[in-house]
>>> print(open('work-v3.cif').read())   # mmCIF, C-alpha atoms (C1' of nucleotides)
data_input
loop_
_atom_site.group_PDB
_atom_site.id
_atom_site.type_symbol
_atom_site.label_atom_id
_atom_site.label_comp_id
_atom_site.auth_asym_id
_atom_site.auth_seq_id
_atom_site.Cartn_x
_atom_site.Cartn_y
_atom_site.Cartn_z
ATOM 1 C CA MET A 1 -23.230 -11.462 51.589
ATOM 2 C CA ASP A 2 -22.723 -9.700 48.295
ATOM 3 C CA GLU A 3 -23.791 -11.922 45.465
ATOM 4 C CA THR A 4 -21.477 -10.414 42.915
ATOM 5 C CA MET A 5 -17.892 -11.388 42.225
ATOM 6 C CA THR A 6 -14.746 -9.959 40.682
ATOM 7 C CA VAL A 7 -13.423 -10.803 37.267
ATOM 8 C CA GLY A 8 -10.891 -13.113 38.889
ATOM 9 C CA GLU A 9 -13.498 -15.163 40.709
ATOM 10 C CA ALA A 10 -15.747 -15.253 37.675
ATOM 11 C CA ALA A 11 -12.885 -16.406 35.496
ATOM 12 C CA GLU A 12 -12.058 -19.242 37.830
ATOM 13 C CA ARG A 13 -15.652 -20.369 38.093
ATOM 14 C CA VAL A 14 -16.280 -20.542 34.374
ATOM 15 C CA GLY A 15 -12.850 -21.855 33.478
ATOM 16 C CA LEU A 16 -11.702 -18.904 31.414
ATOM 17 C CA THR A 17 -8.943 -16.382 32.085
ATOM 18 C CA THR A 18 -9.553 -12.810 33.199
ATOM 19 C CA TYR A 19 -8.089 -11.763 29.857
ATOM 20 C CA THR A 20 -10.689 -13.710 27.996
ATOM 21 C CA LEU A 21 -13.541 -12.422 30.130
ATOM 22 C CA ARG A 22 -12.603 -8.834 29.438
ATOM 23 C CA TRP A 23 -12.100 -9.616 25.787
ATOM 24 C CA TYR A 24 -15.534 -11.263 25.556
ATOM 25 C CA GLU A 25 -17.061 -8.115 26.962
ATOM 26 C CA GLN A 26 -15.135 -5.935 24.572
ATOM 27 C CA GLU A 27 -16.250 -8.114 21.679
ATOM 28 C CA GLY A 28 -19.864 -7.816 22.698
ATOM 29 C CA LEU A 29 -20.298 -11.468 23.686
ATOM 30 C CA VAL A 30 -21.267 -10.274 27.133
ATOM 31 C CA ALA A 31 -23.322 -7.182 27.912
ATOM 32 C CA PRO A 32 -21.340 -4.500 29.791
ATOM 33 C CA VAL A 33 -20.772 -5.867 33.276
ATOM 34 C CA GLY A 34 -21.685 -3.757 36.305
ATOM 35 C CA ARG A 35 -18.904 -1.877 38.094
ATOM 36 C CA ASP A 36 -18.231 -1.013 41.712
ATOM 37 C CA SER A 37 -17.350 2.482 42.921
ATOM 38 C CA ALA A 38 -13.754 1.978 41.850
ATOM 39 C CA GLY A 39 -14.697 0.973 38.320
ATOM 40 C CA ARG A 40 -14.047 -2.734 38.855
ATOM 41 C CA ARG A 41 -16.289 -5.338 37.243
ATOM 42 C CA ARG A 42 -18.817 -7.120 39.461
ATOM 43 C CA TYR A 43 -20.260 -10.264 37.947
ATOM 44 C CA THR A 44 -23.747 -11.327 39.001
ATOM 45 C CA ALA A 45 -25.064 -14.885 39.056
ATOM 46 C CA GLU A 46 -26.844 -14.106 35.807
ATOM 47 C CA ASP A 47 -23.613 -12.938 34.224
ATOM 48 C CA LEU A 48 -22.128 -16.237 35.325
ATOM 49 C CA ASN A 49 -24.908 -18.270 33.779
ATOM 50 C CA TRP A 50 -24.494 -16.407 30.549
ATOM 51 C CA LEU A 51 -20.767 -17.092 30.562
ATOM 52 C CA VAL A 52 -21.341 -20.767 31.197
ATOM 53 C CA LEU A 53 -23.660 -20.906 28.221
ATOM 54 C CA LEU A 54 -21.045 -19.157 26.118
ATOM 55 C CA THR A 55 -18.392 -21.681 27.084
ATOM 56 C CA ARG A 56 -20.691 -24.461 25.965
ATOM 57 C CA LEU A 57 -21.311 -22.798 22.650
ATOM 58 C CA ARG A 58 -17.563 -22.307 22.207
ATOM 59 C CA ARG A 59 -16.757 -25.885 23.123
ATOM 60 C CA THR A 60 -19.238 -27.137 20.585
ATOM 61 C CA GLY A 61 -17.411 -25.134 17.955
ATOM 62 C CA MET A 62 -19.556 -22.047 17.559
ATOM 63 C CA PRO A 63 -17.429 -19.225 16.145
ATOM 64 C CA VAL A 64 -17.123 -16.097 18.251
ATOM 65 C CA ARG A 65 -18.826 -14.217 15.421
ATOM 66 C CA ASP A 66 -21.988 -16.275 15.885
ATOM 67 C CA MET A 67 -21.886 -15.991 19.648
ATOM 68 C CA ARG A 68 -21.784 -12.235 19.221
ATOM 69 C CA ARG A 69 -24.774 -12.389 16.938
ATOM 70 C CA TYR A 70 -26.609 -14.443 19.523
ATOM 71 C CA ALA A 71 -25.679 -11.986 22.274
ATOM 72 C CA GLU A 72 -27.002 -9.127 20.195
ATOM 73 C CA LEU A 73 -30.290 -10.923 19.644
ATOM 74 C CA ALA A 74 -30.576 -11.702 23.329
ATOM 75 C CA ARG A 75 -30.081 -8.035 24.197
ATOM 76 C CA GLN A 76 -32.948 -7.081 21.895
ATOM 77 C CA GLY A 77 -35.413 -9.017 23.987
ATOM 78 C CA GLU A 78 -38.504 -11.038 23.206
ATOM 79 C CA ALA A 79 -38.851 -9.907 19.615
ATOM 80 C CA THR A 80 -35.851 -12.016 18.645
ATOM 81 C CA ARG A 81 -37.011 -15.183 20.357
ATOM 82 C CA ALA A 82 -37.671 -17.089 17.160
ATOM 83 C CA ALA A 83 -34.384 -15.997 15.637
ATOM 84 C CA ARG A 84 -32.493 -17.188 18.685
ATOM 85 C CA ARG A 85 -34.266 -20.492 18.622
ATOM 86 C CA ALA A 86 -33.409 -20.904 14.948
ATOM 87 C CA LEU A 87 -29.788 -20.072 15.672
ATOM 88 C CA PHE A 88 -29.662 -22.760 18.330
ATOM 89 C CA GLU A 89 -31.285 -25.295 16.044
ATOM 90 C CA ARG A 90 -28.852 -24.655 13.240
ATOM 91 C CA HIS A 91 -26.014 -24.955 15.681
ATOM 92 C CA ARG A 92 -27.365 -28.179 17.122
ATOM 93 C CA ASP A 93 -27.564 -29.644 13.632
ATOM 94 C CA ARG A 94 -23.964 -28.728 12.989
ATOM 95 C CA VAL A 95 -22.935 -30.341 16.254
ATOM 96 C CA LEU A 96 -24.833 -33.489 15.345
ATOM 97 C CA ALA A 97 -23.142 -33.595 11.948
ATOM 98 C CA ARG A 98 -19.809 -33.103 13.628
ATOM 99 C CA MET A 99 -20.447 -35.941 16.048
ATOM 100 C CA ALA A 100 -21.414 -38.260 13.208
ATOM 101 C CA GLU A 101 -18.199 -37.408 11.404
ATOM 102 C CA LEU A 102 -16.231 -37.931 14.592
ATOM 103 C CA GLN A 103 -17.912 -41.278 15.069
ATOM 104 C CA GLU A 104 -16.899 -42.372 11.595
ATOM 105 C CA ASP A 105 -13.321 -41.191 11.972
ATOM 106 C CA LEU A 106 -13.175 -42.972 15.286
ATOM 107 C CA THR A 107 -14.131 -46.225 13.628
ATOM 108 C CA VAL A 108 -11.266 -45.871 11.180
ATOM 109 C CA LEU A 109 -8.972 -45.040 14.070
ATOM 110 C CA ASN A 110 -10.017 -48.198 15.827
ATOM 111 C CA HIS A 111 -9.380 -50.304 12.754
ATOM 112 C CA LYS A 112 -5.962 -48.768 12.517
ATOM 113 C CA ILE A 113 -5.256 -49.651 16.131
ATOM 114 C CA GLU A 114 -6.395 -53.205 15.522
ATOM 115 C CA MET A 115 -3.983 -53.461 12.643
ATOM 116 C CA TYR A 116 -1.167 -52.320 14.851
ATOM 117 C CA GLY A 117 -2.347 -54.877 17.333
ATOM 118 C CA LYS A 118 -1.651 -57.735 14.952
ATOM 119 C CA GLY A 119 1.978 -58.528 15.490
ATOM 120 C CA ASP A 120 2.825 -56.600 18.629
ATOM 121 C CA ARG A 121 0.617 -57.987 21.322
ATOM 122 C CA MET B 1 -2.673 -45.696 -17.579
ATOM 123 C CA ASP B 2 -0.328 -43.933 -15.236
ATOM 124 C CA GLU B 3 -1.351 -44.529 -11.683
ATOM 125 C CA THR B 4 0.069 -41.295 -10.359
ATOM 126 C CA MET B 5 -1.626 -37.908 -10.262
ATOM 127 C CA THR B 6 -0.763 -34.251 -10.043
ATOM 128 C CA VAL B 7 -1.040 -32.092 -6.960
ATOM 129 C CA GLY B 8 -4.273 -30.652 -8.332
ATOM 130 C CA GLU B 9 -5.937 -34.035 -8.747
ATOM 131 C CA ALA B 10 -4.674 -35.223 -5.407
ATOM 132 C CA ALA B 11 -5.970 -32.075 -3.718
ATOM 133 C CA GLU B 12 -9.411 -32.536 -5.175
ATOM 134 C CA ARG B 13 -9.564 -36.190 -4.205
ATOM 135 C CA VAL B 14 -8.638 -35.686 -0.591
ATOM 136 C CA GLY B 15 -10.540 -32.430 -0.177
ATOM 137 C CA LEU B 16 -7.577 -30.183 0.539
ATOM 138 C CA THR B 17 -6.117 -27.345 -1.524
ATOM 139 C CA THR B 18 -2.895 -27.593 -3.495
ATOM 140 C CA TYR B 19 -1.479 -25.016 -1.111
ATOM 141 C CA THR B 20 -2.184 -27.245 1.816
ATOM 142 C CA LEU B 21 -0.756 -30.318 0.130
ATOM 143 C CA ARG B 22 2.521 -28.569 -0.566
ATOM 144 C CA TRP B 23 2.556 -27.136 2.928
ATOM 145 C CA TYR B 24 1.979 -30.576 4.462
ATOM 146 C CA GLU B 25 4.983 -31.854 2.549
ATOM 147 C CA GLN B 26 7.087 -28.909 3.612
ATOM 148 C CA GLU B 27 6.052 -29.474 7.210
ATOM 149 C CA GLY B 28 7.040 -33.107 7.052
ATOM 150 C CA LEU B 29 3.511 -34.485 7.392
ATOM 151 C CA VAL B 30 4.047 -36.218 4.082
ATOM 152 C CA ALA B 31 7.271 -37.799 2.885
ATOM 153 C CA PRO B 32 8.784 -36.027 -0.138
ATOM 154 C CA VAL B 33 6.511 -36.819 -3.055
ATOM 155 C CA GLY B 34 7.969 -38.225 -6.295
ATOM 156 C CA ARG B 35 8.536 -35.850 -9.203
ATOM 157 C CA ASP B 36 8.247 -36.165 -12.961
ATOM 158 C CA SER B 37 10.945 -35.070 -15.381
ATOM 159 C CA ALA B 38 9.797 -31.461 -15.083
ATOM 160 C CA GLY B 39 9.983 -31.459 -11.299
ATOM 161 C CA ARG B 40 6.247 -31.719 -10.788
ATOM 162 C CA ARG B 41 4.821 -33.775 -7.969
ATOM 163 C CA ARG B 42 3.300 -37.146 -8.841
ATOM 164 C CA TYR B 43 1.120 -38.611 -6.111
ATOM 165 C CA THR B 44 0.785 -42.373 -5.922
ATOM 166 C CA ALA B 45 -2.197 -44.271 -4.542
ATOM 167 C CA GLU B 46 -0.186 -44.804 -1.369
ATOM 168 C CA ASP B 47 0.432 -41.091 -1.057
ATOM 169 C CA LEU B 48 -3.314 -40.636 -1.394
ATOM 170 C CA ASN B 49 -4.069 -43.149 1.317
ATOM 171 C CA TRP B 50 -1.648 -41.426 3.610
ATOM 172 C CA LEU B 51 -3.286 -38.069 2.921
ATOM 173 C CA VAL B 52 -6.727 -39.484 3.618
ATOM 174 C CA LEU B 53 -5.496 -40.771 6.950
ATOM 175 C CA LEU B 54 -4.037 -37.354 7.716
ATOM 176 C CA THR B 55 -7.343 -35.643 6.984
ATOM 177 C CA ARG B 56 -9.032 -37.973 9.429
ATOM 178 C CA LEU B 57 -6.498 -37.209 12.109
ATOM 179 C CA ARG B 58 -6.935 -33.490 11.459
ATOM 180 C CA ARG B 59 -10.707 -33.679 11.533
ATOM 181 C CA THR B 60 -10.591 -35.448 14.853
ATOM 182 C CA GLY B 61 -8.562 -32.574 16.211
ATOM 183 C CA MET B 62 -5.029 -33.892 16.143
ATOM 184 C CA PRO B 63 -2.601 -30.949 16.096
ATOM 185 C CA VAL B 64 -0.278 -30.714 13.098
ATOM 186 C CA ARG B 65 2.611 -31.117 15.518
ATOM 187 C CA ASP B 66 1.412 -34.590 16.469
ATOM 188 C CA MET B 67 0.728 -35.585 12.900
ATOM 189 C CA ARG B 68 4.300 -34.661 12.090
ATOM 190 C CA ARG B 69 5.517 -36.797 14.964
ATOM 191 C CA TYR B 70 3.456 -39.674 13.653
ATOM 192 C CA ALA B 71 4.816 -39.183 10.136
ATOM 193 C CA GLU B 72 8.357 -39.246 11.486
ATOM 194 C CA LEU B 73 7.687 -42.485 13.317
ATOM 195 C CA ALA B 74 6.126 -44.034 10.243
ATOM 196 C CA ARG B 75 9.193 -43.153 8.174
ATOM 197 C CA GLN B 76 11.418 -44.938 10.668
ATOM 198 C CA GLY B 77 9.737 -48.241 9.958
ATOM 199 C CA GLU B 78 8.869 -51.255 12.038
ATOM 200 C CA ALA B 79 10.921 -50.289 15.068
ATOM 201 C CA THR B 80 8.401 -47.584 15.911
ATOM 202 C CA ARG B 81 5.334 -49.778 15.615
ATOM 203 C CA ALA B 82 4.529 -49.764 19.309
ATOM 204 C CA ALA B 83 5.058 -46.027 19.579
ATOM 205 C CA ARG B 84 2.689 -45.408 16.700
ATOM 206 C CA ARG B 85 0.096 -47.658 18.221
ATOM 207 C CA ALA B 86 0.379 -45.793 21.513
ATOM 208 C CA LEU B 87 0.025 -42.489 19.718
ATOM 209 C CA PHE B 88 -3.178 -43.685 18.093
ATOM 210 C CA GLU B 89 -4.546 -44.960 21.370
ATOM 211 C CA ARG B 90 -3.893 -41.708 23.158
ATOM 212 C CA HIS B 91 -5.540 -39.866 20.330
ATOM 213 C CA ARG B 92 -8.546 -42.158 20.347
ATOM 214 C CA ASP B 93 -8.980 -41.538 24.049
ATOM 215 C CA ARG B 94 -8.916 -37.815 23.485
ATOM 216 C CA VAL B 95 -11.506 -38.158 20.740
ATOM 217 C CA LEU B 96 -13.710 -40.226 23.029
ATOM 218 C CA ALA B 97 -13.421 -37.612 25.754
ATOM 219 C CA ARG B 98 -14.262 -34.918 23.252
ATOM 220 C CA MET B 99 -17.324 -36.794 22.082
ATOM 221 C CA ALA B 100 -18.539 -37.242 25.631
ATOM 222 C CA GLU B 101 -18.167 -33.527 26.234
ATOM 223 C CA LEU B 102 -19.951 -32.772 22.993
ATOM 224 C CA GLN B 103 -22.745 -35.114 24.004
ATOM 225 C CA GLU B 104 -23.190 -33.275 27.268
ATOM 226 C CA ASP B 105 -23.127 -29.841 25.684
ATOM 227 C CA LEU B 106 -25.636 -31.061 23.147
ATOM 228 C CA THR B 107 -28.018 -32.031 25.927
ATOM 229 C CA VAL B 108 -27.857 -28.536 27.340
ATOM 230 C CA LEU B 109 -28.390 -27.148 23.863
ATOM 231 C CA ASN B 110 -31.496 -29.254 23.474
ATOM 232 C CA HIS B 111 -32.865 -28.087 26.805
ATOM 233 C CA LYS B 112 -32.281 -24.541 25.686
ATOM 234 C CA ILE B 113 -34.184 -25.168 22.475
ATOM 235 C CA GLU B 114 -37.057 -26.689 24.414
ATOM 236 C CA MET B 115 -37.227 -23.593 26.547
ATOM 237 C CA TYR B 116 -37.443 -21.443 23.465
ATOM 238 C CA GLY B 117 -40.148 -23.782 22.289
ATOM 239 C CA LYS B 118 -42.396 -22.841 25.191
ATOM 240 C CA GLY B 119 -44.244 -19.768 24.043
ATOM 241 C CA ASP B 120 -43.415 -19.648 20.387
ATOM 242 C CA ARG B 121 -44.863 -22.779 18.930
ATOM 243 C "C1'" DT C 1 1.355 5.316 56.297
ATOM 244 C "C1'" DC C 2 3.118 1.852 53.417
ATOM 245 C "C1'" DT C 3 2.881 -2.119 50.778
ATOM 246 C "C1'" DT C 4 0.610 -5.616 48.415
ATOM 247 C "C1'" DG C 5 -2.159 -7.324 45.021
ATOM 248 C "C1'" DA C 6 -6.068 -7.432 42.203
ATOM 249 C "C1'" DC C 7 -8.019 -4.647 39.357
ATOM 250 C "C1'" DT C 8 -8.296 -0.918 35.133
ATOM 251 C "C1'" DT C 9 -7.373 0.348 29.838
ATOM 252 C "C1'" DC C 10 -5.146 0.137 25.456
ATOM 253 C "C1'" DG C 11 -2.593 -1.806 22.210
ATOM 254 C "C1'" DA C 12 0.653 -5.146 20.788
ATOM 255 C "C1'" DG C 13 1.993 -10.024 20.389
ATOM 256 C "C1'" DT C 14 1.293 -15.146 19.845
ATOM 257 C "C1'" DG C 15 0.242 -19.794 17.923
ATOM 258 C "C1'" DC C 16 -2.088 -22.313 14.735
ATOM 259 C "C1'" DG C 17 -3.260 -23.744 10.234
ATOM 260 C "C1'" DC C 18 -3.436 -22.544 6.403
ATOM 261 C "C1'" DT C 19 -3.666 -19.214 2.111
ATOM 262 C "C1'" DC C 20 -1.861 -16.456 -1.197
ATOM 263 C "C1'" DC C 21 1.435 -13.775 -4.113
ATOM 264 C "C1'" DA C 22 5.241 -13.111 -7.303
ATOM 265 C "C1'" DA C 23 8.131 -14.731 -10.473
ATOM 266 C "C1'" DC C 24 9.122 -18.368 -13.075
ATOM 267 C "C1'" DT C 25 9.090 -23.061 -15.885
ATOM 268 C "C1'" DG C 26 7.630 -26.542 -18.878
ATOM 269 C "C1'" DA C 27 4.207 -29.302 -21.580
ATOM 270 C "C1'" DA C 28 0.691 -29.497 -24.595
ATOM 271 C "C1'" DA C 29 -3.190 -27.613 -27.585
ATOM 272 C "C1'" DG C 30 -4.386 -24.592 -31.554
ATOM 273 C "C1'" DC D 1 5.467 -20.784 -32.737
ATOM 274 C "C1'" DT D 2 2.499 -18.890 -29.438
ATOM 275 C "C1'" DT D 3 -0.700 -19.108 -26.000
ATOM 276 C "C1'" DT D 4 -2.561 -21.250 -22.132
ATOM 277 C "C1'" DC D 5 -2.446 -23.555 -18.044
ATOM 278 C "C1'" DA D 6 -0.975 -26.198 -14.307
ATOM 279 C "C1'" DG D 7 2.734 -26.670 -12.003
ATOM 280 C "C1'" DT D 8 7.338 -24.876 -9.224
ATOM 281 C "C1'" DT D 9 9.697 -22.074 -5.142
ATOM 282 C "C1'" DG D 10 10.225 -18.883 -1.145
ATOM 283 C "C1'" DG D 11 8.320 -15.928 1.626
ATOM 284 C "C1'" DA D 12 4.628 -12.921 3.153
ATOM 285 C "C1'" DG D 13 -0.063 -12.463 4.892
ATOM 286 C "C1'" DC D 14 -4.387 -13.773 7.089
ATOM 287 C "C1'" DG D 15 -8.252 -15.059 10.358
ATOM 288 C "C1'" DC D 16 -9.231 -16.704 14.610
ATOM 289 C "C1'" DA D 17 -9.195 -16.690 19.494
ATOM 290 C "C1'" DC D 18 -7.000 -15.463 22.683
ATOM 291 C "C1'" DT D 19 -2.819 -13.705 25.678
ATOM 292 C "C1'" DC D 20 0.116 -10.532 27.502
ATOM 293 C "C1'" DG D 21 2.738 -6.136 28.724
ATOM 294 C "C1'" DA D 22 2.816 -1.505 30.375
ATOM 295 C "C1'" DA D 23 1.319 1.957 33.074
ATOM 296 C "C1'" DG D 24 -1.719 3.279 36.246
ATOM 297 C "C1'" DT D 25 -5.632 3.098 40.138
ATOM 298 C "C1'" DC D 26 -7.637 1.716 44.322
ATOM 299 C "C1'" DA D 27 -8.808 -0.782 48.775
ATOM 300 C "C1'" DA D 28 -7.523 -3.249 52.447
ATOM 301 C "C1'" DG D 29 -4.252 -5.373 55.781
ATOM 302 C "C1'" DA D 30 0.269 -4.942 58.645
#
>>> encode(input="work-v3.cif", output="C-alpha cells")
Amino acid sequence: MDETMTVGEAAERVGLTTYTLRWYEQEGLVAPVGRDSAGRRRYTAEDLNWLVLLTRLRRTGMPVRDMRRYAELARQGEATRAARRALFERHRDRVLARMAELQEDLTVLNHKIEMYGKGDR
Amino acid sequence: MDETMTVGEAAERVGLTTYTLRWYEQEGLVAPVGRDSAGRRRYTAEDLNWLVLLTRLRRTGMPVRDMRRYAELARQGEATRAARRALFERHRDRVLARMAELQEDLTVLNHKIEMYGKGDR
DNA sequence: TCTTGACTTCGAGTGCGCTCCAACTGAAAG
DNA sequence: CTTTCAGTTGGAGCGCACTCGAAGTCAAGA
C-alpha cells in the first residue's frame, strides 16, 4: 500500500490534465514532486491537497502569477504566515466583489428573460 | 444637440477601449455603426444600450462566440425571439452554476483564512 | 524476450480576447 | 494656412493558461 500516485492518477483526482500538472510544477506553483527510481513523479496526499487548493484558487479567478507568489511564500515557511493570510484576504475580497457584480448582472439577465417572456409564452 | 457620439465617447461610457469597440463591430457583435460624412462612426443611444448589454454578457463569462450568435439572432428580428430567450436562459443557468461554485470555493477560502488566524492574531 | 503503455523532457503551438502599430484622412482651433 | 487631434483601415502582436508533439526511457505483463 504505497500512498503515492503517478501524475496520471493525480491529474484525474484533481481534475487537471497531466500536461497541466507538469506545467504547474515547472512554473513553480507546486514544489518539485518526488520521483521514483525511474525518475517518474510520485504525488503524495499532501501534494494532492495542495493541488486541490490551487484548483480552487484558479476557479475563483486568481491569476497563475499570484498562485506562484503564494507558493513561494508557502515554501518559505512560518515567517510568511501573515503575508499569506493577507494574500488570501485580498483574494477573498476580490471574489466577493466579483460575486456582487455577477449578482447584479444576473438581475439584468432575468429582466431580459422576462421581457422575452411577454409575447411568447 | 446631436444625440450620437464618437467611438471615443462611446468607449468611455461603456468602459471599453476604442480598439475593442471597433473589434466588436468587426467581429459582428455589433451591427455596422452609422457613419458621418467623413466616415467616422456615430453611436446612437441604442448602440450604447446594446454595448452595455454586451459588457454584461462578457462580464458574466459569455464567450465572444456566443455573443456573436446572439447578435446574429437579434439582427434577424422577431422570428428568432424564442431562440434568443433560450440562449439567455442557458446562459443564466451557467451563471447560477458558476455562482454556486464560487460560493463553495469562498467557504473553503474563509476556512483557510481562519486557520491562518490561529496563531497570528 | 517482446510489446505495450505510461511516463520523461523540451520546445512549439493553440485559442481567446483583446491591443497596438503604421499610414493615412478630415475637421476644427489658433 | 498650419497644426493638432481624433478618427479611419488592415494586419500584426501580446498575455494568459494551457496543450500538444517528438523522441526517448523504463517496468511490467503475455
>>> resolve_selection(input="work-v3.cif", expression="the PyMOL selection byres ((chain C) within 8 of (chain B))", output="list of chain:residue names")
C:DC18, C:DT19, C:DG26
>>> resolve_selection(input="work-v3.cif", expression="the PyMOL selection byres ((chain D and resi 23) around 12)", output="PyMOL selection string")
(chain C and resi 8-10) or (chain D and resi 21-22+24-25)
>>> closest_atom_pairs(input="work-v3.cif", of="chain B", to="chain A", cutoff="7 Å", atoms="all atoms listed in the file", output="CSV")
residue,atom,partner,partner_atom,distance
B:Arg56,CA,A:Asp105,CA,5.9
B:Thr60,CA,A:Leu102,CA,6.2
B:Arg85,CA,A:Tyr116,CA,5.9
B:Phe88,CA,A:Ile113,CA,6.6
B:Arg92,CA,A:Leu106,CA,6.9
B:Met99,CA,A:Met99,CA,6.8
B:Leu102,CA,A:Thr60,CA,6.2
B:Asp105,CA,A:Arg56,CA,5.9
B:Leu106,CA,A:Arg92,CA,6.9
B:Leu109,CA,A:Arg92,CA,6.9
B:Ile113,CA,A:Arg85,CA,6.1
B:Tyr116,CA,A:Arg85,CA,5.9
>>> atom_distance(input="work-v3.cif", atom1="CA of Val7 (chain A)", atom2="CA of Gln26 (chain A)")
13.7 Å
>>> atom_distance(input="work-v3.cif", atom1="CA of Pro32 (chain B)", atom2="CA of Ala74 (chain B)")
13.4 Å
>>> atom_distance(input="work-v3.cif", atom1="CA of Ala79 (chain B)", atom2="CA of Thr44 (chain B)")
24.6 Å
>>> resolve_selection(input="work-v3.cif", expression="the PyMOL selection byres ((chain D) within 10 of (chain B))", output="ChimeraX atom specification")
/D:6-8
>>> residues_around(input="work-v3.cif", residues="Leu29 (chain A)", least_positions_apart="3", cutoff="9 Å", atoms="all atoms listed in the file", output="tab-separated table (two decimals) with C-alpha atoms, in the coordinates of the input")
chain	number	residue	atom	x	y	z
A	23	TRP	CA	-12.10	-9.62	25.79
A	24	TYR	CA	-15.53	-11.26	25.56
A	25	GLU	CA	-17.06	-8.12	26.96
A	26	GLN	CA	-15.14	-5.94	24.57
A	51	LEU	CA	-20.77	-17.09	30.56
A	54	LEU	CA	-21.04	-19.16	26.12
A	64	VAL	CA	-17.12	-16.10	18.25
A	65	ARG	CA	-18.83	-14.22	15.42
A	67	MET	CA	-21.89	-15.99	19.65
A	68	ARG	CA	-21.78	-12.24	19.22
A	69	ARG	CA	-24.77	-12.39	16.94
A	70	TYR	CA	-26.61	-14.44	19.52
A	71	ALA	CA	-25.68	-11.99	22.27
A	72	GLU	CA	-27.00	-9.13	20.20
>>> residues_around(input="work-v3.cif", residues="Asp2 (chain B)", least_positions_apart="6", cutoff="12 Å", atoms="all atoms listed in the file", output="PyMOL selection string")
chain B and resi 36+42-45
>>> decode(input="work-v3.cif", residues="chain D", atoms="C-alpha atoms (C1' of nucleotides)", output="PDB file, in the first residue's frame")
ATOM      1  C1'  DC D   1      -2.829  78.118 -43.713  1.00  0.00           C
ATOM      2  C1'  DT D   2      -0.943  75.164 -40.396  1.00  0.00           C
ATOM      3  C1'  DT D   3      -1.111  72.440 -36.569  1.00  0.00           C
ATOM      4  C1'  DT D   4      -3.420  69.347 -33.721  1.00  0.00           C
ATOM      5  C1'  DC D   5      -6.212  65.705 -32.728  1.00  0.00           C
ATOM      6  C1'  DA D   6      -9.494  62.210 -33.083  1.00  0.00           C
ATOM      7  C1'  DG D   7     -10.800  59.368 -36.167  1.00  0.00           C
ATOM      8  C1'  DT D   8     -10.077  55.559 -40.302  1.00  0.00           C
ATOM      9  C1'  DT D   9      -8.195  50.737 -42.116  1.00  0.00           C
ATOM     10  C1'  DG D  10      -5.646  46.272 -42.215  1.00  0.00           C
ATOM     11  C1'  DG D  11      -2.812  43.477 -40.168  1.00  0.00           C
ATOM     12  C1'  DA D  12       0.497  42.207 -36.639  1.00  0.00           C
ATOM     13  C1'  DG D  13       1.428  41.302 -31.787  1.00  0.00           C
ATOM     14  C1'  DC D  14       0.513  40.154 -26.982  1.00  0.00           C
ATOM     15  C1'  DG D  15      -0.583  37.876 -22.411  1.00  0.00           C
ATOM     16  C1'  DC D  16      -2.584  34.175 -20.403  1.00  0.00           C
ATOM     17  C1'  DA D  17      -3.189  29.421 -19.457  1.00  0.00           C
ATOM     18  C1'  DC D  18      -2.715  25.738 -21.099  1.00  0.00           C
ATOM     19  C1'  DT D  19      -1.991  21.800 -24.775  1.00  0.00           C
ATOM     20  C1'  DC D  20       0.454  19.011 -27.649  1.00  0.00           C
ATOM     21  C1'  DG D  21       4.219  16.678 -30.488  1.00  0.00           C
ATOM     22  C1'  DA D  22       8.542  14.355 -30.798  1.00  0.00           C
ATOM     23  C1'  DA D  23      11.822  11.478 -29.223  1.00  0.00           C
ATOM     24  C1'  DG D  24      13.173   8.748 -25.794  1.00  0.00           C
ATOM     25  C1'  DT D  25      13.091   5.707 -21.187  1.00  0.00           C
ATOM     26  C1'  DC D  26      11.510   2.217 -18.227  1.00  0.00           C
ATOM     27  C1'  DA D  27       8.674  -1.516 -15.888  1.00  0.00           C
ATOM     28  C1'  DA D  28       5.602  -4.941 -16.097  1.00  0.00           C
ATOM     29  C1'  DG D  29       2.610  -8.452 -18.345  1.00  0.00           C
ATOM     30  C1'  DA D  30       1.998 -12.123 -22.216  1.00  0.00           C
TER      31       DA D  30
END
